[in-house]
file upload.csv (CSV, C-alpha atoms)
chain,number,residue,atom,x,y,z
A,1,MET,CA,185.7,104.5,163.3
A,2,HIS,CA,188.5,102.0,162.7
A,3,HIS,CA,190.7,104.8,161.2
A,4,ILE,CA,190.2,106.9,164.3
A,5,LEU,CA,191.1,104.0,166.7
A,6,THR,CA,194.2,102.8,164.7
A,7,PRO,CA,196.7,105.2,166.3
A,8,LEU,CA,195.6,103.9,169.8
A,9,THR,CA,196.7,100.4,168.8
A,10,SER,CA,200.1,101.5,167.5
A,11,ALA,CA,203.2,101.0,169.8
A,12,VAL,CA,204.8,104.2,168.4
A,13,THR,CA,201.9,106.3,169.9
A,14,TYR,CA,202.9,105.3,173.4
A,15,SER,CA,206.7,105.5,172.8
A,16,ARG,CA,206.0,109.1,171.7
A,17,TRP,CA,204.0,109.7,174.8
A,18,LEU,CA,207.0,108.5,176.9
A,19,HIS,CA,209.2,110.9,174.9
A,20,MET,CA,207.0,113.7,176.0
A,21,PHE,CA,207.4,112.8,179.7
A,22,ILE,CA,211.2,112.6,179.8
A,23,PRO,CA,211.8,116.3,180.0
A,24,ALA,CA,208.8,116.7,182.3
A,25,ALA,CA,210.6,114.4,184.8
A,26,ALA,CA,213.7,116.6,184.7
A,27,ALA,CA,211.7,119.9,185.0
A,28,SER,CA,209.7,118.5,187.9
A,29,VAL,CA,212.9,118.3,189.9
A,30,TRP,CA,213.4,122.0,189.5
A,31,PHE,CA,209.8,122.7,190.7
A,32,PHE,CA,210.7,121.2,194.0
A,33,ILE,CA,213.3,123.9,194.4
A,34,SER,CA,211.5,126.9,192.9
A,35,ASP,CA,208.2,127.8,191.4
A,36,ALA,CA,209.8,129.8,188.6
A,37,PHE,CA,208.3,128.0,185.6
A,38,TRP,CA,210.5,130.0,183.2
A,39,ALA,CA,213.8,128.7,184.6
A,40,PRO,CA,213.9,125.4,182.7
A,41,LEU,CA,213.3,127.3,179.5
A,42,LEU,CA,216.1,129.7,180.2
A,43,PHE,CA,218.4,126.8,181.3
A,44,ALA,CA,217.8,125.0,178.0
A,45,VAL,CA,219.6,127.8,176.0
A,46,PRO,CA,223.2,127.0,177.1
A,47,ILE,CA,222.5,123.2,177.1
A,48,GLY,CA,221.2,123.3,173.5
A,49,LEU,CA,224.4,125.1,172.4
A,50,ILE,CA,226.5,122.1,173.3
A,51,PRO,CA,227.2,120.2,170.1
A,52,ALA,CA,226.8,116.8,171.7
A,53,MET,CA,223.2,117.7,172.8
A,54,ARG,CA,222.0,117.5,169.3
A,55,LEU,CA,223.4,114.0,169.0
A,56,GLU,CA,221.7,112.9,172.2
A,57,GLU,CA,218.4,114.4,171.3
A,58,GLY,CA,218.6,112.9,167.8
A,59,ILE,CA,219.2,109.4,169.1
A,60,GLN,CA,216.4,109.7,171.6
A,61,ALA,CA,214.0,111.1,169.0
A,62,GLN,CA,214.9,108.3,166.5
A,63,LEU,CA,214.4,105.7,169.1
A,64,LEU,CA,211.0,106.9,170.5
A,65,LEU,CA,209.5,109.1,167.8
A,66,THR,CA,210.5,107.4,164.5
A,67,PRO,CA,211.7,103.9,165.5
A,68,SER,CA,211.0,102.6,162.0
A,69,GLU,CA,213.7,104.9,160.6
A,70,ARG,CA,216.3,104.1,163.1
A,71,GLY,CA,219.7,103.4,161.5
A,72,ARG,CA,218.6,104.3,158.0
A,73,PRO,CA,220.8,106.7,156.1
A,74,ASP,CA,217.8,108.6,154.9
A,75,ALA,CA,216.2,109.0,158.3
A,76,SER,CA,214.1,112.2,158.7
A,77,ILE,CA,215.7,112.9,162.1
A,78,ALA,CA,219.5,113.2,162.2
A,79,ALA,CA,221.7,111.7,164.9
A,80,ALA,CA,224.8,113.8,164.7
A,81,PRO,CA,226.4,116.6,166.8
A,82,SER,CA,225.9,120.2,165.8
A,83,SER,CA,228.3,121.2,163.1
A,84,SER,CA,227.3,124.9,162.8
A,85,TRP,CA,225.8,127.6,164.9
A,86,ALA,CA,222.6,127.3,162.9
A,87,GLU,CA,222.2,123.7,164.1
A,88,ARG,CA,223.0,124.7,167.7
A,89,TRP,CA,220.3,127.3,167.7
A,90,ARG,CA,217.8,124.9,166.1
A,91,THR,CA,218.7,122.5,168.9
A,92,VAL,CA,217.9,125.2,171.5
A,93,LEU,CA,214.6,125.9,169.8
A,94,TRP,CA,213.9,122.1,169.8
A,95,LEU,CA,214.5,121.9,173.6
A,96,GLU,CA,212.2,124.9,174.2
A,97,VAL,CA,209.4,123.3,172.1
A,98,ARG,CA,209.9,120.0,173.8
A,99,LEU,CA,209.6,121.5,177.3
A,100,LEU,CA,206.4,123.2,176.3
A,101,ILE,CA,204.9,120.0,174.9
A,102,SER,CA,205.9,118.1,178.0
A,103,ALA,CA,204.2,120.8,180.1
A,104,GLY,CA,201.0,120.0,178.2
A,105,ALA,CA,201.6,116.3,178.9
A,106,ILE,CA,201.8,117.0,182.6
A,107,LEU,CA,198.6,118.9,182.5
A,108,ALA,CA,197.0,116.0,180.7
A,109,LEU,CA,197.7,113.8,183.7
A,110,TRP,CA,195.0,115.6,185.5
A,111,LEU,CA,192.4,114.0,183.2
A,112,PRO,CA,192.7,110.4,184.4
A,113,VAL,CA,192.8,111.9,188.0
A,114,ALA,CA,189.5,113.5,187.2
A,115,SER,CA,188.1,110.1,186.2
A,116,ILE,CA,189.2,108.6,189.4
A,117,GLU,CA,187.7,111.5,191.4
A,118,LEU,CA,184.4,111.0,189.6
A,119,VAL,CA,184.4,107.3,190.5
A,120,LEU,CA,185.1,108.0,194.1
A,121,SER,CA,182.4,110.6,194.3
A,122,ALA,CA,179.9,107.9,193.5
A,123,ALA,CA,180.6,106.6,197.1
A,124,GLY,CA,179.8,110.0,198.6
A,125,ARG,CA,183.3,111.5,198.6
A,126,PRO,CA,183.4,115.1,197.3
A,127,PRO,CA,185.4,115.2,194.0
A,128,GLY,CA,188.6,117.2,193.7
A,129,GLY,CA,190.9,118.3,190.9
A,130,LEU,CA,189.2,119.1,187.6
A,131,ALA,CA,186.0,117.6,189.0
A,132,GLU,CA,186.0,119.9,192.0
A,133,GLY,CA,182.6,121.6,192.6
A,134,LEU,CA,180.5,118.6,191.5
A,135,ASP,CA,178.1,117.2,194.1
A,136,PRO,CA,178.8,113.6,195.0
A,137,HIS,CA,176.2,111.4,193.3
A,138,TRP,CA,176.2,107.8,192.0
A,139,TRP,CA,175.7,108.9,188.4
A,140,ASN,CA,179.1,110.6,188.5
A,141,VAL,CA,180.5,107.2,187.7
A,142,LEU,CA,178.9,107.4,184.3
A,143,LEU,CA,180.9,110.6,183.6
A,144,ALA,CA,184.2,108.9,184.6
A,145,PRO,CA,185.2,107.8,181.0
A,146,LEU,CA,184.7,111.3,179.6
A,147,PRO,CA,188.1,112.8,180.6
A,148,ILE,CA,189.9,109.8,179.1
A,149,VAL,CA,188.7,110.8,175.6
A,150,PRO,CA,190.6,114.2,175.5
A,151,LEU,CA,193.6,112.4,177.2
A,152,LEU,CA,193.8,109.9,174.2
A,153,VAL,CA,193.5,112.8,171.8
A,154,LEU,CA,196.3,114.7,173.5
A,155,VAL,CA,198.5,111.6,173.5
A,156,VAL,CA,198.1,111.1,169.7
A,157,LEU,CA,198.3,114.8,168.7
A,158,GLY,CA,201.1,115.5,171.1
A,159,GLY,CA,203.2,112.6,169.7
A,160,ARG,CA,202.6,113.8,166.2
A,161,LEU,CA,203.4,117.4,167.1
A,162,SER,CA,206.7,116.2,168.7
A,163,THR,CA,207.6,114.2,165.7
A,164,ALA,CA,206.9,117.0,163.3
A,165,ALA,CA,208.9,119.4,165.4
A,166,ALA,CA,211.8,117.0,165.6
A,167,ARG,CA,211.9,116.4,161.9
A,168,TRP,CA,211.9,120.2,161.3
A,169,LEU,CA,214.5,121.1,164.0
A,170,LEU,CA,216.6,118.0,164.2
A,171,GLY,CA,216.3,116.9,160.6
A,172,PRO,CA,219.4,116.7,158.4
A,173,SER,CA,220.7,119.8,156.8
A,174,PRO,CA,220.7,120.3,153.0
A,175,THR,CA,224.4,119.3,153.0
A,176,ASP,CA,223.6,116.1,154.9
A,177,ARG,CA,220.8,115.3,152.6
A,178,LEU,CA,223.0,115.8,149.6
A,179,THR,CA,225.7,113.6,151.1
A,180,VAL,CA,223.2,110.8,151.7
A,181,LEU,CA,221.8,111.2,148.2
A,182,GLU,CA,225.3,111.0,146.7
A,183,GLY,CA,226.0,107.9,148.8
A,184,LEU,CA,222.8,106.2,147.6
A,185,THR,CA,223.5,107.2,144.0
A,186,GLU,CA,227.0,105.8,144.2
A,187,GLU,CA,225.6,102.6,145.7
A,188,LEU,CA,223.1,102.3,142.9
A,189,LEU,CA,225.7,103.0,140.3
A,190,GLU,CA,228.0,100.4,141.8
A,191,ARG,CA,225.3,97.7,141.9
A,192,ASN,CA,224.3,98.6,138.3
A,193,ARG,CA,228.0,98.4,137.3
A,194,MET,CA,228.4,95.0,139.0
A,195,ALA,CA,225.3,93.7,137.3
A,196,ARG,CA,226.6,94.9,133.9
A,197,GLU,CA,230.0,93.4,134.7
A,198,LEU,CA,228.5,90.1,135.6
A,199,HIS,CA,226.5,90.1,132.4
A,200,ASP,CA,229.7,90.8,130.4
A,201,SER,CA,231.7,88.1,132.2
A,202,ILE,CA,229.1,85.3,132.2
A,203,GLY,CA,228.0,86.3,128.7
A,204,HIS,CA,231.5,86.0,127.4
A,205,ALA,CA,232.0,82.6,129.1
A,206,LEU,CA,228.8,81.2,127.8
A,207,THR,CA,229.5,82.4,124.3
A,208,VAL,CA,233.0,80.9,124.3
A,209,ALA,CA,231.6,77.6,125.6
A,210,VAL,CA,228.9,77.5,122.9
A,211,VAL,CA,231.3,78.3,120.1
A,212,GLN,CA,233.9,75.9,121.3
A,213,ALA,CA,231.4,73.1,121.9
A,214,GLY,CA,229.9,73.6,118.4
A,215,ALA,CA,233.3,73.7,116.8
A,216,ALA,CA,234.5,70.5,118.6
A,217,ARG,CA,231.4,68.6,117.6
A,218,THR,CA,231.8,69.4,113.9
A,219,ALA,CA,235.6,69.1,113.8
A,220,ASN,CA,235.7,65.4,114.8
A,221,ASP,CA,239.3,65.9,115.9
A,222,PRO,CA,240.3,64.6,119.4
A,223,ALA,CA,243.1,67.1,119.7
A,224,PHE,CA,240.9,70.1,118.8
A,225,THR,CA,238.2,68.8,121.2
A,226,GLU,CA,240.7,68.7,124.0
A,227,ARG,CA,241.8,72.2,123.3
A,228,ALA,CA,238.2,73.3,123.2
A,229,LEU,CA,237.4,71.7,126.5
A,230,ALA,CA,240.5,73.4,128.0
A,231,ALA,CA,239.3,76.8,126.7
A,232,ILE,CA,235.8,76.2,128.1
A,233,GLU,CA,237.3,75.2,131.5
A,234,GLU,CA,239.5,78.3,131.7
A,235,THR,CA,236.8,80.7,130.6
A,236,GLY,CA,234.3,79.1,133.0
A,237,ARG,CA,236.7,79.4,135.9
A,238,ASP,CA,237.3,83.1,135.2
A,239,ALA,CA,233.5,83.6,135.1
A,240,LEU,CA,233.1,81.7,138.4
A,241,GLU,CA,235.7,84.0,140.0
A,242,ASP,CA,233.8,87.1,138.8
A,243,LEU,CA,230.5,85.6,140.1
A,244,GLU,CA,232.0,84.9,143.5
A,245,ARG,CA,233.5,88.3,143.8
A,246,VAL,CA,230.2,90.1,142.9
A,247,LEU,CA,228.3,87.9,145.3
A,248,ARG,CA,230.8,88.7,148.0
A,249,VAL,CA,230.3,92.4,147.5
A,250,LEU,CA,226.5,92.0,147.7
A,251,ARG,CA,226.8,90.0,150.9
A,252,GLU,CA,229.5,92.0,152.6
A,253,SER,CA,229.6,95.5,151.1
A,254,GLY,CA,232.3,96.6,153.6
A,255,THR,CA,234.7,93.8,152.9
A,256,PRO,CA,237.6,94.3,150.4
A,257,VAL,CA,237.4,91.9,147.5
A,258,SER,CA,239.8,90.5,144.9
A,259,ARG,CA,241.2,92.8,142.3
A,260,ARG,CA,239.3,93.3,139.1
A,261,PRO,CA,241.2,92.5,135.9
A,262,THR,CA,242.8,95.4,133.9
A,263,LEU,CA,244.1,95.8,130.4
A,264,ALA,CA,247.4,94.5,131.5
A,265,GLU,CA,245.6,91.1,131.6
A,266,ALA,CA,244.0,91.5,128.2
A,267,GLU,CA,246.0,88.7,126.7
A,268,ARG,CA,243.8,86.1,128.4
A,269,LEU,CA,240.8,87.6,126.6
A,270,LEU,CA,242.7,87.4,123.3
A,271,ASP,CA,243.8,83.9,124.0
A,272,SER,CA,240.2,82.9,124.8
A,273,ALA,CA,239.0,84.3,121.5
A,274,ARG,CA,241.8,82.6,119.6
A,275,SER,CA,241.0,79.3,121.3
A,276,SER,CA,237.4,79.7,120.0
A,277,GLY,CA,238.7,79.8,116.4
A,278,ALA,CA,238.9,83.5,115.9
A,279,LYS,CA,242.1,84.9,114.3
A,280,VAL,CA,243.0,87.8,116.5
A,281,ASP,CA,245.5,90.4,115.4
A,282,ALA,CA,246.3,92.6,118.4
A,283,ARG,CA,248.3,95.8,118.3
A,284,VAL,CA,249.3,97.6,121.5
A,285,SER,CA,251.1,100.9,121.5
A,286,GLY,CA,252.0,103.1,124.4
A,287,ASN,CA,252.5,102.2,128.1
A,288,LEU,CA,249.5,100.5,129.6
A,289,GLY,CA,251.0,101.1,133.0
A,290,LEU,CA,250.2,104.8,132.6
A,291,VAL,CA,246.5,104.1,132.4
A,292,PRO,CA,244.7,104.8,135.7
A,293,ALA,CA,243.2,101.7,137.3
A,294,PRO,CA,239.5,102.7,136.8
A,295,VAL,CA,240.1,103.4,133.1
A,296,SER,CA,242.1,100.2,132.7
A,297,ARG,CA,239.4,98.1,134.5
A,298,GLU,CA,236.6,99.4,132.4
A,299,GLY,CA,238.7,99.1,129.2
A,300,TYR,CA,239.2,95.4,130.0
A,301,ARG,CA,235.4,94.9,130.3
A,302,ILE,CA,234.8,96.9,127.1
A,303,LEU,CA,237.3,94.7,125.2
A,304,GLN,CA,235.6,91.6,126.7
A,305,GLU,CA,232.2,92.6,125.6
A,306,SER,CA,233.4,93.6,122.1
A,307,LEU,CA,235.1,90.2,121.6
A,308,THR,CA,232.0,88.5,123.0
A,309,ASN,CA,229.8,90.3,120.4
A,310,VAL,CA,232.1,89.2,117.6
A,311,LEU,CA,232.0,85.5,118.6
A,312,ARG,CA,228.2,85.7,119.2
A,313,HIS,CA,227.2,87.4,116.0
A,314,ALA,CA,230.0,86.7,113.5
A,315,GLY,CA,231.5,83.5,114.8
A,316,PRO,CA,235.2,82.6,114.6
A,317,VAL,CA,236.3,85.3,112.1
A,318,SER,CA,239.4,87.5,111.9
A,319,VAL,CA,239.4,90.2,114.5
A,320,ARG,CA,241.7,93.2,114.6
A,321,VAL,CA,242.2,94.7,118.1
A,322,THR,CA,244.0,98.0,118.6
A,323,ILE,CA,244.9,99.4,122.0
A,324,ALA,CA,246.8,102.7,122.1
A,325,VAL,CA,247.8,105.1,124.9
A,326,ASP,CA,248.5,108.5,123.3
A,327,GLY,CA,247.9,112.1,124.1
A,328,GLY,CA,246.3,111.6,127.5
A,329,ARG,CA,243.7,109.2,126.1
A,330,LEU,CA,243.1,105.5,125.8
A,331,GLU,CA,242.0,104.5,122.3
A,332,LEU,CA,240.5,101.0,121.9
A,333,GLU,CA,239.1,99.5,118.6
A,334,VAL,CA,237.8,96.1,117.8
A,335,ALA,CA,237.0,95.4,114.1
A,336,ASN,CA,235.7,92.3,112.4
A,337,PRO,CA,234.6,91.6,108.8
A,338,LEU,CA,230.9,91.7,107.9
A,339,SER,CA,229.6,88.5,106.6
A,340,GLY,CA,226.0,89.3,105.8
A,341,ALA,CA,223.5,89.6,108.6
A,342,ALA,CA,225.7,87.3,110.8
A,343,GLY,CA,228.3,90.0,111.1
A,344,LEU,CA,226.0,92.6,112.5
A,345,PRO,CA,225.6,93.0,116.3
A,346,GLY,CA,222.4,92.2,118.0
A,347,SER,CA,220.0,94.5,119.9
A,348,GLY,CA,220.9,93.3,123.4
A,349,SER,CA,222.5,95.3,126.2
A,350,GLY,CA,226.1,94.7,125.3
A,351,LEU,CA,226.6,97.7,123.1
A,352,ARG,CA,224.6,99.9,125.4
A,353,GLY,CA,226.8,98.7,128.3
A,354,ILE,CA,229.9,99.7,126.3
A,355,ARG,CA,228.5,103.2,125.7
A,356,GLU,CA,227.5,103.5,129.4
A,357,ARG,CA,231.0,102.5,130.6
A,358,ALA,CA,232.6,105.0,128.3
A,359,ALA,CA,230.2,107.8,129.3
A,360,LEU,CA,230.8,107.1,133.0
A,361,LEU,CA,234.5,107.8,132.5
A,362,GLY,CA,233.9,110.9,130.4
A,363,GLY,CA,234.7,109.2,127.1
A,364,LYS,CA,232.9,108.2,124.0
A,365,ALA,CA,232.0,104.9,122.2
A,366,ARG,CA,231.2,104.6,118.6
A,367,THR,CA,229.9,101.6,116.7
A,368,GLU,CA,229.7,101.6,112.9
A,369,SER,CA,230.0,99.5,109.8
A,370,ARG,CA,232.7,100.8,107.4
A,371,GLU,CA,234.7,99.3,104.6
A,372,ASP,CA,233.0,95.9,105.0
A,373,GLU,CA,233.9,95.9,108.7
A,374,TRP,CA,232.0,96.3,111.9
A,375,ARG,CA,234.0,98.5,114.3
A,376,VAL,CA,233.7,99.3,118.0
A,377,SER,CA,235.8,102.4,118.8
A,378,VAL,CA,236.2,103.7,122.3
A,379,SER,CA,238.1,106.8,123.4
A,380,LEU,CA,238.6,107.3,127.2
A,381,PRO,CA,240.4,110.3,128.9
A,382,LEU,CA,243.1,109.4,131.4
A,383,ASP,CA,242.4,112.3,133.7
A,384,GLY,CA,238.5,112.5,133.8
A,385,ILE,CA,238.1,109.7,136.3
A,386,ARG,CA,237.1,111.4,139.6
A,387,TRP,CA,233.5,110.3,139.5
A,388,SER,CA,234.4,106.8,138.6
A,389,ASP,CA,236.9,106.6,141.5
A,390,ALA,CA,234.0,107.7,143.8
A,391,VAL,CA,231.8,105.0,142.4
A,392,HIS,CA,234.5,102.3,143.0
A,393,ARG,CA,236.1,103.3,146.3
A,394,SER,CA,233.3,101.8,148.5
A,395,SER,CA,234.1,98.3,147.2
A,396,GLY,CA,237.8,98.6,147.9
A,397,ARG,CA,238.8,98.2,144.3
call {"tool": "encode", "arguments": {"input": "upload.csv", "output": "structure tokens"}}
result
Amino acid sequence: MHHILTPLTSAVTYSRWLHMFIPAAAASVWFFISDAFWAPLLFAVPIGLIPAMRLEEGIQAQLLLTPSERGRPDASIAAAPSSSWAERWRTVLWLEVRLLISAGAILALWLPVASIELVLSAAGRPPGGLAEGLDPHWWNVLLAPLPIVPLLVLVVLGGRLSTAAARWLLGPSPTDRLTVLEGLTEELLERNRMARELHDSIGHALTVAVVQAGAARTANDPAFTERALAAIEETGRDALEDLERVLRVLRESGTPVSRRPTLAEAERLLDSARSSGAKVDARVSGNLGLVPAPVSREGYRILQESLTNVLRHAGPVSVRVTIAVDGGRLELEVANPLSGAAGLPGSGSGLRGIRERAALLGGKARTESREDEWRVSVSLPLDGIRWSDAVHRSSGR
């Protein structure tokens, strides 16, 4: 019983009822002029072919039929003007269906009138309308609630029928649905990328801080301790900037944010690793200015994560960094000596993040132990970046 009565307590049931009466009000004006009931149906054809009519009907349907979906990009009813003749004719059909449903709503108004007539007939007045023909008796008042039952059923069913028809005829086209899906996919990829980037940045800062603090404690050298604290301060400041930028994106997705670092600023990563005690031998060949911004940004993060892995798992050891731009590709390699189990990478998300970044740009990442070294090698194409650009364009980077 509760399941049956639930729709009657929902506000959307009555907003849908109002939606059914709006065209009835417009059609009733015509009936004062002519009794040709087919005229509004004929007049709806040229009106529905107007592109803006689909926008107006979509907004009204979202507001009254599916208010919970209003403003959502994946709404089941579109609020946009007709962009093709197919959508124009679907709008025409929607107007015809809506007029027919409103006609049923007008007829349903006779049901509460019948209830009133039955109540009045209890006082001796002959009933009219749907109750016409009944003899006036006091027990007619007991029959008064009966017409209300089909009225409530018509209100609920009519609203659901209108909603189903609107979703079918005013719903987004396959192209619109694909556009929305691509937008949601890009947003999810962007958020996933930001989470991975934040992991790389904060992980790098914490690793440097731990290594520096441990080295300063054991060195017992005031000058070294001062340098270690300076390195911790600089790395921590960079991490705070990254954190603030990501939080700003999450709070205000439409606001441009500060530029992400590129490989042109890789020297600060190398200096940070050197200040942590690592001996970094960096070799750069080719013009980094020719590297497209998305590739250069992701290359910076790959280098950052690779150096973080070295410091975390091998400590302050010798590191060989090679960055080369050649033959339409960016080649990046970070190698460090293996020193037993301590030289091997862990099983966290760092290496997985490197592979995902490379795959997103159409490149490849390879990790291997060779000739007593652990190597991270990444190869990125300089021209296969269209999807990456799509992922990054919404954040203004």
call {"tool": "atom_distance", "arguments": {"input": "upload.csv", "atom1": "atom CA of A:Ala266", "atom2": "atom CA of A:Ala359"}}
result
21.4 Å
call {"tool": "residues_around", "arguments": {"input": "upload.csv", "residues": "A:Leu382", "least_positions_apart": "5", "cutoff": "9 Å", "atoms": "only C-alpha atoms", "output": "count of residues only"}}
result
8
call {"tool": "closest_residue", "arguments": {"input": "upload.csv", "among": "A:Arg237, A:Arg301, A:Arg274, A:Arg355", "to": "A:Ser318", "atoms": "all atoms listed in the file"}}
result
A:Arg274
call {"tool": "atom_distance", "arguments": {"input": "upload.csv", "atom1": "atom CA of A:Gly203", "atom2": "atom CA of A:Ser285"}}
result
28.3 Å
call {"tool": "closest_residue", "arguments": {"input": "upload.csv", "among": "A:Ala86, A:Ala61, A:Leu198, A:Leu142", "to": "A:Ala166", "atoms": "all atoms listed in the file"}}
result
A:Ala61
call {"tool": "closest_residue", "arguments": {"input": "upload.csv", "among": "A:Leu206, A:Ala195, A:Leu229, A:Ala324", "to": "A:Asn309", "atoms": "all atoms listed in the file"}}
result
A:Leu206
call {"tool": "decode", "arguments": {"input": "upload.csv", "residues": "stretch 357-372 of chain A", "atoms": "N, CA and C atoms", "output": "tab-separated table (two decimals), in the first residue's frame"}}
result
chain	number	residue	atom	x	y	z
A	357	ARG	N	51.70	7.38	-17.89
A	357	ARG	CA	51.99	8.66	-18.53
A	357	ARG	C	52.51	8.45	-19.95
A	358	ALA	N	53.42	7.49	-20.10
A	358	ALA	CA	53.99	7.23	-21.42
A	358	ALA	C	52.91	6.72	-22.38
A	359	ALA	N	52.05	5.82	-21.90
A	359	ALA	CA	50.99	5.27	-22.76
A	359	ALA	C	50.01	6.35	-23.18
A	360	LEU	N	49.71	7.31	-22.28
A	360	LEU	CA	48.77	8.37	-22.60
A	360	LEU	C	49.27	9.21	-23.77
A	361	LEU	N	50.59	9.32	-23.91
A	361	LEU	CA	51.17	10.11	-24.99
A	361	LEU	C	51.54	9.26	-26.20
A	362	GLY	N	51.15	8.00	-26.19
A	362	GLY	CA	51.47	7.12	-27.31
A	362	GLY	C	52.88	6.59	-27.29
A	363	GLY	N	53.55	6.67	-26.13
A	363	GLY	CA	54.91	6.20	-26.03
A	363	GLY	C	55.02	4.90	-25.25
A	364	LYS	N	56.26	4.56	-24.88
A	364	LYS	CA	56.52	3.32	-24.15
A	364	LYS	C	57.50	3.59	-23.02
A	365	ALA	N	57.32	2.85	-21.93
A	365	ALA	CA	58.25	2.92	-20.79
A	365	ALA	C	58.73	1.51	-20.48
A	366	ARG	N	60.01	1.39	-20.23
A	366	ARG	CA	60.59	0.07	-19.94
A	366	ARG	C	61.45	0.18	-18.68
A	367	THR	N	61.28	-0.76	-17.78
A	367	THR	CA	62.12	-0.82	-16.57
A	367	THR	C	62.80	-2.19	-16.56
A	368	GLU	N	64.11	-2.17	-16.26
A	368	GLU	CA	64.86	-3.43	-16.31
A	368	GLU	C	66.16	-3.28	-15.52
A	369	SER	N	66.69	-4.40	-15.09
A	369	SER	CA	68.03	-4.44	-14.49
A	369	SER	C	68.98	-5.02	-15.53
A	370	ARG	N	70.06	-4.28	-15.82
A	370	ARG	CA	71.00	-4.72	-16.86
A	370	ARG	C	72.39	-4.19	-16.51
A	371	GLU	N	73.37	-5.10	-16.60
A	371	GLU	CA	74.76	-4.74	-16.34
A	371	GLU	C	74.92	-4.07	-14.98
A	372	ASP	N	74.33	-4.71	-13.97
A	372	ASP	CA	74.41	-4.23	-12.58
A	372	ASP	C	73.81	-2.84	-12.41
